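So this block is run.cif, mmCIF, C-alpha atoms:
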```cif
data_start
#
loop_
_atom_site.label_atom_id
_atom_site.label_comp_id
_atom_site.auth_asym_id
_atom_site.auth_seq_id
_atom_site.Cartn_x
_atom_site.Cartn_y
_atom_site.Cartn_z
CA MET A 126 104.92 17.19 -47.62
CA LYS A 127 103.16 15.43 -44.74
CA LYS A 128 102.31 18.80 -43.15
CA THR A 129 100.84 19.97 -46.45
CA LEU A 130 98.66 16.85 -46.76
CA VAL A 131 97.48 17.25 -43.16
CA ALA A 132 96.65 20.91 -43.77
CA LEU A 133 94.73 20.09 -46.95
CA ALA A 134 92.80 17.33 -45.15
CA ALA A 135 91.90 19.74 -42.34
CA VAL A 136 90.68 22.36 -44.83
CA ALA A 137 88.60 19.74 -46.67
CA ALA A 138 87.06 18.48 -43.43
CA THR A 139 86.25 22.01 -42.31
CA SER A 140 84.66 22.80 -45.68
CA ALA A 141 82.53 19.63 -45.58
CA PHE A 142 81.40 20.38 -42.04
CA ALA A 143 80.46 23.95 -42.99
CA GLN A 144 78.22 22.65 -45.75
CA SER A 145 76.31 20.28 -43.43
CA SER A 146 74.32 20.94 -40.27
CA VAL A 147 72.30 18.88 -37.80
CA THR A 148 69.92 20.46 -35.31
CA LEU A 149 68.50 18.88 -32.16
CA TYR A 150 65.09 20.29 -31.21
CA GLY A 151 62.21 19.50 -28.91
CA LEU A 152 58.93 20.63 -27.42
CA PHE A 153 57.58 19.84 -23.95
CA ASP A 154 54.09 20.65 -22.66
CA VAL A 155 52.80 19.74 -19.18
CA SER A 156 49.62 20.97 -17.50
CA TYR A 157 47.35 20.34 -14.52
CA GLY A 158 43.74 19.83 -15.44
CA VAL A 159 40.28 18.52 -14.76
CA THR A 160 38.51 16.50 -17.47
CA LYS A 161 34.91 15.36 -17.32
CA THR A 162 33.04 13.12 -19.78
CA SER A 163 29.40 12.07 -19.57
CA ALA A 164 26.69 10.40 -21.64
CA THR A 165 23.09 11.59 -21.88
CA ALA A 166 21.26 8.32 -22.61
CA TRP A 167 21.12 4.57 -21.96
CA GLY A 168 23.18 4.79 -18.77
CA THR A 169 25.94 2.69 -20.36
CA GLN A 170 28.48 5.51 -20.11
CA PRO A 171 28.31 7.09 -16.62
CA THR A 172 29.86 10.43 -15.84
CA ARG A 173 33.64 10.15 -15.58
CA LYS A 174 36.01 12.69 -14.04
CA THR A 175 39.80 12.74 -13.90
CA THR A 176 42.11 15.24 -12.21
CA GLY A 177 45.88 15.56 -12.34
CA LEU A 178 48.84 16.15 -14.60
CA GLN A 179 48.34 16.08 -18.36
CA GLU A 180 50.54 16.76 -21.38
CA GLY A 181 50.30 17.71 -25.01
CA THR A 182 47.55 20.32 -24.64
CA THR A 183 49.07 22.88 -27.03
CA ALA A 184 51.21 20.39 -28.97
CA GLY A 185 52.50 16.85 -28.63
CA ASN A 186 55.75 16.38 -26.70
CA ARG A 187 58.62 15.45 -28.99
CA LEU A 188 62.34 15.16 -29.58
CA GLY A 189 63.72 15.51 -33.08
CA PHE A 190 66.76 15.81 -35.33
CA ARG A 191 66.82 17.97 -38.46
CA GLY A 192 69.72 18.06 -40.89
CA THR A 193 70.71 19.62 -44.22
CA GLU A 194 73.64 19.21 -46.59
CA ASP A 195 74.61 21.64 -49.32
CA LEU A 196 75.12 19.60 -52.49
CA GLY A 197 76.17 22.58 -54.59
CA GLY A 198 74.47 24.15 -57.57
CA GLY A 199 71.57 25.29 -55.38
CA MET A 200 70.68 21.71 -54.36
CA LYS A 201 70.33 20.56 -50.76
CA ALA A 202 69.67 17.20 -49.13
CA GLY A 203 67.89 17.00 -45.82
CA PHE A 204 66.22 14.77 -43.26
CA VAL A 205 63.89 14.92 -40.25
CA ALA A 206 63.63 12.22 -37.56
CA GLU A 207 61.16 12.91 -34.75
CA VAL A 208 59.75 10.74 -31.95
CA SER A 209 57.08 11.38 -29.34
CA MET A 210 57.92 11.72 -25.65
CA SER A 211 56.12 11.65 -22.32
CA MET A 212 56.91 13.93 -19.40
CA ILE A 213 54.54 12.42 -16.81
CA THR A 214 54.78 8.62 -17.16
CA PRO A 215 57.52 6.02 -16.55
CA ASN A 216 57.91 5.61 -20.32
CA THR A 217 59.92 8.58 -21.59
CA PHE A 218 59.48 7.63 -25.24
CA ASN A 219 55.77 7.15 -25.44
CA ASN A 220 52.84 7.18 -27.88
CA ARG A 221 51.00 9.97 -26.08
CA LEU A 222 51.25 12.42 -28.97
CA ALA A 223 47.68 11.53 -29.97
CA PHE A 224 46.27 11.68 -26.43
CA SER A 225 46.33 14.68 -24.15
CA GLY A 226 44.20 13.21 -21.35
CA HIS A 227 45.27 11.94 -17.97
CA ALA A 228 47.47 8.86 -17.87
CA ASP A 229 45.04 6.20 -16.66
CA THR A 230 46.21 2.59 -16.90
CA ALA A 231 42.95 1.36 -15.40
CA GLN A 232 41.15 2.17 -18.64
CA SER A 233 42.05 1.07 -22.15
CA GLY A 234 39.73 3.39 -24.04
CA GLY A 235 36.05 4.11 -24.09
CA THR A 236 33.20 4.77 -26.47
CA GLY A 237 32.02 7.65 -24.34
CA ALA A 238 35.23 9.64 -24.69
CA ALA A 239 35.54 8.79 -28.35
CA TYR A 240 32.08 10.14 -29.13
CA VAL A 241 33.05 13.48 -27.67
CA GLY A 242 36.17 13.42 -29.79
CA ASN A 243 38.81 13.73 -27.08
CA ASN A 244 39.80 10.89 -24.74
CA ALA A 245 39.44 11.60 -21.04
CA TYR A 246 42.43 9.37 -20.41
CA ALA A 247 45.47 8.02 -22.21
CA SER A 248 47.30 4.73 -21.92
CA ASN A 249 51.05 4.23 -21.88
CA GLY A 250 52.78 2.79 -24.90
CA SER A 251 56.00 2.30 -26.81
CA SER A 252 57.95 4.82 -28.86
CA GLN A 253 56.00 6.27 -31.76
CA ASN A 254 57.25 7.92 -34.92
CA ARG A 255 56.04 11.48 -35.38
CA GLN A 256 57.91 12.33 -38.58
CA SER A 257 60.77 10.71 -40.48
CA TYR A 258 61.70 11.60 -44.04
CA VAL A 259 64.53 12.49 -46.40
CA SER A 260 64.33 15.38 -48.85
CA LEU A 261 65.91 17.08 -51.87
CA SER A 262 65.37 20.79 -52.46
CA GLY A 263 66.43 23.40 -54.96
CA GLY A 264 65.01 25.88 -57.41
CA PHE A 265 62.32 23.35 -58.31
CA GLY A 266 60.98 23.27 -54.73
CA GLU A 267 61.30 20.38 -52.30
CA LEU A 268 60.55 16.65 -52.58
CA ARG A 269 60.12 14.58 -49.41
CA ALA A 270 59.91 10.80 -49.07
CA GLY A 271 58.95 9.09 -45.83
CA TYR A 272 56.44 9.51 -43.02
CA HIS A 273 55.17 13.07 -42.61
CA TYR A 274 52.19 15.32 -41.90
CA THR A 275 49.20 15.07 -44.23
CA ASN A 276 47.73 18.07 -46.03
CA ALA A 277 44.48 17.57 -44.12
CA TYR A 278 46.24 17.91 -40.75
CA THR A 279 48.35 20.81 -41.99
CA VAL A 280 45.22 22.86 -42.74
CA SER A 281 43.27 21.79 -39.65
CA SER A 282 46.01 22.12 -37.04
CA LEU A 283 49.43 23.34 -38.22
CA SER A 284 48.46 26.34 -40.35
CA GLY A 285 47.32 28.60 -37.51
CA TYR A 286 43.68 28.62 -38.62
CA LEU A 287 42.55 26.62 -35.60
CA GLY A 288 42.76 29.35 -32.98
CA GLY A 289 42.34 27.08 -29.95
CA PHE A 290 44.02 24.05 -28.39
CA GLU A 291 43.05 20.86 -30.24
CA GLY A 292 44.42 18.76 -27.37
CA MET A 293 41.38 19.49 -25.19
CA SER A 294 37.60 19.75 -25.40
CA GLY A 295 36.23 22.78 -27.17
CA SER A 296 38.50 22.50 -30.19
CA ASP A 297 38.93 18.77 -30.73
CA VAL A 298 36.31 17.85 -33.34
CA ALA A 299 34.86 20.61 -35.52
CA HIS A 300 38.18 21.46 -37.19
CA THR A 301 38.87 17.93 -38.45
CA PHE A 302 37.59 14.36 -38.46
CA GLY A 303 38.62 10.85 -39.38
CA ILE A 304 37.03 10.74 -42.82
CA VAL A 305 40.43 10.96 -44.49
CA GLY A 306 42.00 9.95 -41.16
CA GLY A 307 45.60 10.18 -40.18
CA THR A 308 47.70 13.01 -38.81
CA ARG A 309 50.67 11.57 -40.69
CA ALA A 310 51.07 9.13 -43.56
CA SER A 311 53.75 7.39 -45.56
CA GLY A 312 54.42 8.60 -49.09
CA LEU A 313 55.78 11.40 -51.26
CA THR A 314 55.27 15.14 -50.74
CA TYR A 315 56.18 17.88 -53.20
CA LEU A 316 56.36 21.51 -52.04
CA SER A 317 56.52 24.09 -54.82
CA PRO A 318 58.43 27.39 -54.68
CA LYS A 319 56.38 30.48 -53.78
CA PHE A 320 55.09 32.53 -56.69
CA SER A 321 53.19 35.81 -56.18
CA GLY A 322 52.21 34.68 -52.69
CA PHE A 323 51.04 31.21 -53.82
CA ASP A 324 52.57 27.78 -53.21
CA VAL A 325 51.29 24.25 -53.79
CA VAL A 326 51.76 21.01 -51.81
CA VAL A 327 51.01 17.71 -53.59
CA GLN A 328 50.96 14.37 -51.76
CA TYR A 329 50.77 10.78 -52.93
CA GLY A 330 51.07 7.67 -50.81
CA SER A 331 49.28 5.35 -48.44
CA THR A 332 46.72 5.93 -45.70
CA THR A 333 48.47 5.63 -42.32
CA ASN A 334 50.66 2.58 -43.01
CA PRO A 335 53.43 2.08 -45.58
CA ALA A 336 52.21 1.96 -49.17
CA ILE A 337 52.07 -1.72 -50.07
CA GLU A 338 50.20 -3.21 -53.00
CA VAL A 339 49.38 -6.93 -52.76
CA ASP A 340 48.12 -8.91 -55.73
CA ALA A 341 45.65 -11.70 -55.07
CA GLY A 342 47.16 -15.18 -54.92
CA PHE A 343 48.61 -17.74 -52.55
CA GLY A 344 45.66 -17.26 -50.23
CA ALA A 345 46.08 -13.45 -50.08
CA SER A 346 43.48 -10.89 -51.07
CA ALA A 347 44.29 -7.97 -53.33
CA SER A 348 45.12 -4.88 -51.33
CA LYS A 349 45.83 -1.36 -52.50
CA GLN A 350 45.16 1.86 -50.59
CA GLN A 351 46.16 5.28 -51.88
CA ARG A 352 46.08 8.80 -50.51
CA THR A 353 46.20 11.77 -52.86
CA GLY A 354 46.07 15.36 -51.73
CA VAL A 355 46.50 18.86 -53.13
CA LEU A 356 46.96 21.94 -50.95
CA VAL A 357 47.11 25.53 -52.29
CA ASN A 358 48.34 28.25 -49.92
CA TYR A 359 48.28 32.02 -50.31
CA GLY A 360 49.90 34.59 -48.09
CA ASN A 361 50.09 38.36 -48.53
CA GLY A 362 50.87 40.53 -45.53
CA PRO A 363 48.29 40.04 -42.78
CA PHE A 364 46.08 37.79 -44.92
CA LYS A 365 46.58 34.05 -45.27
CA ALA A 366 44.37 31.37 -46.85
CA SER A 367 44.49 27.69 -47.83
CA VAL A 368 42.35 25.28 -49.84
CA ALA A 369 42.95 21.51 -49.69
CA HIS A 370 41.37 18.37 -51.07
CA THR A 371 42.27 14.88 -49.86
CA ARG A 372 41.04 11.61 -51.31
CA LEU A 373 41.55 8.06 -50.07
CA LYS A 374 41.13 5.09 -52.36
CA GLY A 375 40.44 1.95 -50.33
CA LEU A 376 39.30 -1.55 -51.16
CA THR A 377 35.60 -0.73 -51.17
CA THR A 378 35.20 3.01 -50.46
CA THR A 379 36.75 6.31 -51.52
CA PRO A 380 36.41 8.89 -48.71
CA GLN A 381 37.23 12.50 -49.51
CA LEU A 382 37.47 15.83 -47.71
CA THR A 383 37.64 19.45 -48.89
CA GLN A 384 38.97 22.11 -46.50
CA VAL A 385 39.13 25.90 -46.57
CA GLY A 386 41.06 27.95 -44.01
CA ALA A 387 41.82 31.66 -43.65
CA SER A 388 43.17 34.19 -41.17
CA TYR A 389 43.65 37.97 -41.01
CA ASP A 390 45.78 39.91 -38.55
CA PHE A 391 44.41 43.42 -37.86
CA GLY A 392 47.19 44.12 -35.38
CA PHE A 393 44.92 44.77 -32.41
CA MET A 394 43.08 41.50 -33.13
CA SER A 395 43.39 38.47 -35.40
CA VAL A 396 40.54 36.33 -36.73
CA ARG A 397 40.75 32.84 -38.25
CA GLY A 398 38.59 29.94 -39.24
CA THR A 399 38.13 26.69 -41.16
CA TYR A 400 35.33 25.05 -43.10
CA ASN A 401 35.21 21.33 -43.98
CA ASP A 402 33.01 19.28 -46.29
CA GLY A 403 33.49 15.54 -46.72
CA ASP A 404 31.97 12.10 -46.97
CA ASN A 405 33.20 8.61 -46.13
CA ASP A 406 31.65 7.05 -49.26
CA ALA A 407 29.75 4.69 -46.97
CA GLY A 408 26.64 6.70 -46.22
CA THR A 409 27.89 9.48 -43.94
CA ASP A 410 28.31 13.17 -44.84
CA VAL A 411 30.21 15.61 -42.65
CA LYS A 412 30.18 19.39 -42.61
CA SER A 413 31.92 21.51 -39.99
CA TYR A 414 33.32 24.94 -39.24
CA GLN A 415 35.33 26.65 -36.55
CA VAL A 416 36.09 30.34 -36.00
CA GLY A 417 38.43 31.98 -33.54
CA VAL A 418 39.52 35.41 -32.32
CA THR A 419 42.81 36.33 -30.60
CA VAL A 420 43.43 39.68 -28.90
CA PRO A 421 47.04 40.49 -27.88
CA PHE A 422 48.04 42.65 -24.90
CA GLY A 423 51.80 42.62 -25.24
CA ALA A 424 53.07 39.21 -24.11
CA LEU A 425 49.53 38.28 -23.04
CA LYS A 426 47.01 36.91 -25.56
CA VAL A 427 43.34 36.14 -24.98
CA PHE A 428 41.54 33.81 -27.40
CA GLY A 429 38.12 32.32 -27.94
CA THR A 430 36.73 29.81 -30.43
CA LEU A 431 33.35 28.48 -31.56
CA GLY A 432 32.79 25.42 -33.71
CA LYS A 433 30.15 23.05 -34.98
CA SER A 434 30.08 19.86 -37.03
CA GLU A 435 27.29 17.66 -38.31
CA TYR A 436 27.60 13.94 -39.03
CA SER A 437 24.61 12.62 -40.95
CA ASN A 438 23.53 9.68 -43.11
CA VAL A 439 20.00 10.96 -43.68
CA GLN A 440 20.66 12.08 -47.25
CA THR A 441 22.54 8.99 -48.36
CA ASN A 442 20.89 6.07 -46.54
CA ILE A 443 17.83 4.94 -48.51
CA SER A 444 16.27 3.35 -45.42
CA CYS A 445 16.00 6.81 -43.86
CA PHE A 446 13.27 7.74 -46.30
CA ASN A 447 11.27 4.76 -45.00
CA GLY A 448 11.77 5.51 -41.32
CA GLY A 449 14.76 3.21 -40.93
CA SER A 450 16.25 2.87 -37.46
CA THR A 451 19.82 3.30 -38.72
CA CYS A 452 19.29 6.97 -39.58
CA TYR A 453 21.05 9.54 -37.46
CA VAL A 454 22.11 13.17 -37.34
CA LYS A 455 24.84 14.05 -34.85
CA ASP A 456 25.42 17.73 -34.06
CA ILE A 457 28.61 18.60 -32.23
CA LYS A 458 29.01 22.06 -30.72
CA GLN A 459 32.23 23.42 -29.25
CA GLN A 460 33.43 26.44 -27.28
CA GLN A 461 36.84 27.28 -25.89
CA LEU A 462 38.27 30.27 -24.02
CA GLY A 463 41.86 30.72 -22.96
CA VAL A 464 44.85 32.93 -22.31
CA THR A 465 48.59 32.56 -23.06
CA TYR A 466 51.56 34.50 -21.69
CA ASP A 467 54.99 34.45 -23.34
CA LEU A 468 57.76 34.40 -20.76
CA SER A 469 60.24 34.29 -23.64
CA LYS A 470 60.38 33.24 -27.29
CA ARG A 471 60.54 29.59 -26.18
CA THR A 472 58.52 29.43 -22.95
CA MET A 473 54.78 30.04 -22.63
CA LEU A 474 52.27 29.81 -19.78
CA TYR A 475 48.63 29.06 -20.61
CA ALA A 476 45.21 28.49 -19.09
CA ALA A 477 42.10 27.38 -20.97
CA THR A 478 38.66 25.88 -20.53
CA GLY A 479 36.47 24.24 -23.17
CA ARG A 480 33.41 22.14 -23.84
CA THR A 481 32.39 19.73 -26.60
CA LYS A 482 28.77 18.57 -26.69
CA SER A 483 27.24 16.02 -29.03
CA ASP A 484 23.46 15.90 -29.53
CA THR A 485 22.37 12.90 -31.59
CA ASN A 486 19.01 12.13 -33.16
CA GLY A 487 19.08 8.40 -33.81
CA SER A 488 18.25 5.18 -31.99
CA SER A 489 21.72 3.70 -32.48
CA TYR A 490 23.65 6.67 -31.05
CA TRP A 491 23.63 8.80 -27.93
CA GLY A 492 24.70 12.27 -26.95
CA MET A 493 27.94 12.97 -25.11
CA LYS A 494 29.50 15.93 -23.32
CA GLY A 495 33.13 16.62 -22.46
CA THR A 496 34.60 19.53 -20.50
CA ASP A 497 38.24 20.45 -19.87
CA THR A 498 40.02 23.04 -17.75
CA ARG A 499 43.83 23.23 -17.79
CA VAL A 500 46.75 25.36 -16.62
CA GLY A 501 50.18 24.57 -17.99
CA VAL A 502 53.57 25.50 -19.37
CA ARG A 503 55.10 24.86 -22.79
CA HIS A 504 58.82 25.02 -23.59
CA SER A 505 60.60 24.47 -26.90
CA PHE A 506 64.22 24.51 -27.96
#
```
Spit out the file's structure as structure tokens when you get a sec.
Amino acid sequence: MKKTLVALAAVAATSAFAQSSVTLYGLFDVSYGVTKTSATAWGTQPTRKTTGLQEGTTAGNRLGFRGTEDLGGGMKAGFVAEVSMSMITPNTFNNRLAFSGHADTAQSGGTGAAYVGNNAYASNGSSQNRQSYVSLSGGFGELRAGYHYTNAYTVSSLSGYLGGFEGMSGSDVAHTFGIVGGTRASGLTYLSPKFSGFDVVVQYGSTTNPAIEVDAGFGASASKQQRTGVLVNYGNGPFKASVAHTRLKGLTTTPQLTQVGASYDFGFMSVRGTYNDGDNDAGTDVKSYQVGVTVPFGALKVFGTLGKSEYSNVQTNISCFNGGSTCYVKDIKQQQLGVTYDLSKRTMLYAATGRTKSDTNGSSYWGMKGTDTRVGVRHSF
């Protein structure tokens, strides 16, 4: 009898284990590069050059866990827990996922680099959450709750429409901007099943922090910030396209952004691009585009991108029509050229160079220029 019970327990344990799985995964990217940032007016931002090891050029370094459990009846439960990592600083778990510049503890940030769109340096920090959520999936699609990628970032960077490396100059601004800010946000995400090549992603939640609504009282001010987003994807053979709209509802403003992305693979060459139109509901309109071409030669791929974005308050600021000094138009132009070589399915060598230049017409702003050249290796598991 005891042997029978032990055998049944072993079978049950084996069955439960077979229905659940947990995967450890990671991505590590390290390069050697030269980054240069300079201002073109006022003399308040002198030319700055850094040389040395960098990381996160093609993607942010990370370590993650992904798990699923079969609940039966076509239902599954799942989770993702992912943290950023550093490969070139004393802090292994580090917040460098948003910075791909040189590790420079002598600087804490600078207006000059920010105006170009890509920091020329990056400071050390503590562990930072990349993604963490739980999910339920089935015939109805998938519902996620937690901290995950926004629709805006999915179109701009994760969909494959970008074409270049957003972690360096030349592809760091024109494909996205901070109008609906945030690479990731807390909230709910629903992913529909695919139907005739179409699928829909709907998001509701906060901006970049947990969704908390505070009623006025006891010395506190009312606070409620919401993010809503709808993303429609279509894929049919070599053609792929996406349309997304994201809207933030803040205390005083309601920024919004509409994005369109598309790509087509001809076999001997692939083309891709994005177009963005948004406003921050505070006097600034933004329009931008970026196009890219990739030509494969076996394991070797050569790519090039061009992009432009325009930040302007001329149409919305009434003082501009009277010659107001707060009017400005900022044109940002970008170019990037690079090559990748796949040593295997998980290891890639790359080299790229790029430039981002900002020309500004306005007394309160100044032009900036940033250039990057990098050679590196990326490995994932």
Checklist entry - So what do you get for atom CA of Thr378 of chain A versus atom CA of Val411 of chain A, distance-wise? => result 15.6 Å
Next on the checklist: For a test of reading the model, state the distance in Å between atom CA of Gly203 of chain A and atom CA of Ser146 of chain A, rounded to one decimal.
Outcome noted: 9.4 Å
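Here atom CA of Tyr359 of chain A stands at a distance of 26.6 Å from atom CA of Arg255 of chain A.
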Item to check | Output check: residues returned by the PyMOL selection byres ((chain A and resi 261-263) around 7), as JSON, numbers by chain | outcome: {"A": [199, 200, 201, 202, 203, 260, 264, 265, 266, 267, 268, 269]}
Next on the checklist: Expand the PyMOL selection byres ((chain A and resi 148) around 12) into the explicit residue set it covers here, and present it as a list in words.
Outcome noted: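 What the PyMOL selection byres ((chain A and resi 148) around 12) grabs from the file is Ser145, Ser146, Val147, Leu149, Tyr150, Gly151, Leu188, Gly189, Phe190, Arg191, Gly192, Thr193, Glu194, Gly203, Phe204, Val205, Ala206, Glu207 and Phe506 of chain A.
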Next on the checklist: From (29.4, 16.2, -26.7), in the file's coordinates, out to 6 Å: which residues are reached, counting all atoms listed in the file? Answer as a list in words.
Outcome noted: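 All residues meeting the 6 Å criterion around (29.4, 16.2, -26.7) are Val241, Thr481, Lys482, Ser483, Met493, Lys494 and Gly495 of chain A.
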Checklist entry - Could you tell me, as JSON, numbers by chain, which residues have any atom at most 6 Å from (54.7, 18.9, -20.3), counting only C-alpha atoms? => result {"A": [153, 154, 155, 180, 212]}
Next on the checklist: For the provided coordinates, the residues matched by the PyMOL selection byres ((chain A and resi 391-393) around 9) should be stated as a PyMOL selection string.
Outcome noted: chain A and resi 363+389-390+394-396+419-422
Could you pull the residues within 12 Å of Arg503 of chain A, counting all atoms listed in the file, minus those fewer than 6 positions along the same chain, as a PDB file with C-alpha atoms, in the frame of the given file?
```
ATOM      1  CA  GLY A 151      62.210  19.500 -28.910  1.00  0.00           C
ATOM      2  CA  LEU A 152      58.930  20.630 -27.420  1.00  0.00           C
ATOM      3  CA  PHE A 153      57.580  19.840 -23.950  1.00  0.00           C
ATOM      4  CA  ASP A 154      54.090  20.650 -22.660  1.00  0.00           C
ATOM      5  CA  VAL A 155      52.800  19.740 -19.180  1.00  0.00           C
ATOM      6  CA  SER A 156      49.620  20.970 -17.500  1.00  0.00           C
ATOM      7  CA  GLN A 179      48.340  16.080 -18.360  1.00  0.00           C
ATOM      8  CA  GLU A 180      50.540  16.760 -21.380  1.00  0.00           C
ATOM      9  CA  GLY A 181      50.300  17.710 -25.010  1.00  0.00           C
ATOM     10  CA  THR A 182      47.550  20.320 -24.640  1.00  0.00           C
ATOM     11  CA  THR A 183      49.070  22.880 -27.030  1.00  0.00           C
ATOM     12  CA  ALA A 184      51.210  20.390 -28.970  1.00  0.00           C
ATOM     13  CA  GLY A 185      52.500  16.850 -28.630  1.00  0.00           C
ATOM     14  CA  ASN A 186      55.750  16.380 -26.700  1.00  0.00           C
ATOM     15  CA  ARG A 187      58.620  15.450 -28.990  1.00  0.00           C
ATOM     16  CA  MET A 212      56.910  13.930 -19.400  1.00  0.00           C
ATOM     17  CA  THR A 465      48.590  32.560 -23.060  1.00  0.00           C
ATOM     18  CA  TYR A 466      51.560  34.500 -21.690  1.00  0.00           C
ATOM     19  CA  ASP A 467      54.990  34.450 -23.340  1.00  0.00           C
ATOM     20  CA  LEU A 468      57.760  34.400 -20.760  1.00  0.00           C
ATOM     21  CA  SER A 469      60.240  34.290 -23.640  1.00  0.00           C
ATOM     22  CA  LYS A 470      60.380  33.240 -27.290  1.00  0.00           C
ATOM     23  CA  ARG A 471      60.540  29.590 -26.180  1.00  0.00           C
ATOM     24  CA  THR A 472      58.520  29.430 -22.950  1.00  0.00           C
ATOM     25  CA  MET A 473      54.780  30.040 -22.630  1.00  0.00           C
ATOM     26  CA  LEU A 474      52.270  29.810 -19.780  1.00  0.00           C
ATOM     27  CA  TYR A 475      48.630  29.060 -20.610  1.00  0.00           C
ATOM     28  CA  ALA A 476      45.210  28.490 -19.090  1.00  0.00           C
TER      29      ALA A 476
END
```
Item to check | Best match for closeness to Ala270 of chain A among A:Gly330, A:Thr308, A:Met293, A:Asp484, counting all atoms listed in the file | outcome: A:Gly330
Next on the checklist: Just want the 10 Å neighbourhood of Asn358 of chain A, counted on only C-alpha atoms, with same-chain residues fewer than 6 positions away dropped. Output as a VMD selection string.
Outcome noted: chain A and resid 280 284 319 322 to 326 365 to 369 386 to 387
Checklist entry - With distances taken over all atoms listed in the file, which of A:Gly408, A:Phe320, A:Thr279, A:Leu178 is nearest to Ser211 of chain A? => result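 So, comparing all the options, the nearest one is A:Leu178.
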Item to check | Nearest residue to Tyr286 of chain A from the set A:His504, A:Thr399, A:Asp404, A:Thr409 (distances using all atoms listed in the file) | outcome: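 Looking only at the distances to Tyr286 of chain A, the closest residue turns out to be A:Thr399.
Proximity to Gly312 of chain A was assessed for A:Phe290, A:Tyr272, A:Tyr414, A:Tyr400 counting only C-alpha atoms; the smallest distance is recorded for A:Tyr272.
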Checklist entry - Restricting the calculation to all atoms listed in the file, which member of A:Lys161, A:Lys455, A:Asn361, A:Asp410 is positioned closest to Ser294 of chain A? => result A:Lys161
Taking all listed atoms of segment 252-257 of chain A, build the axis-aligned box, pad each of the six sides by 6 Å, then write its centre and edge lengths in Å to one decimal as JSON.
```
{"center_x": 58.4, "center_y": 8.6, "center_z": -34.7, "size_x": 16.8, "size_y": 19.5, "size_z": 23.6}
```
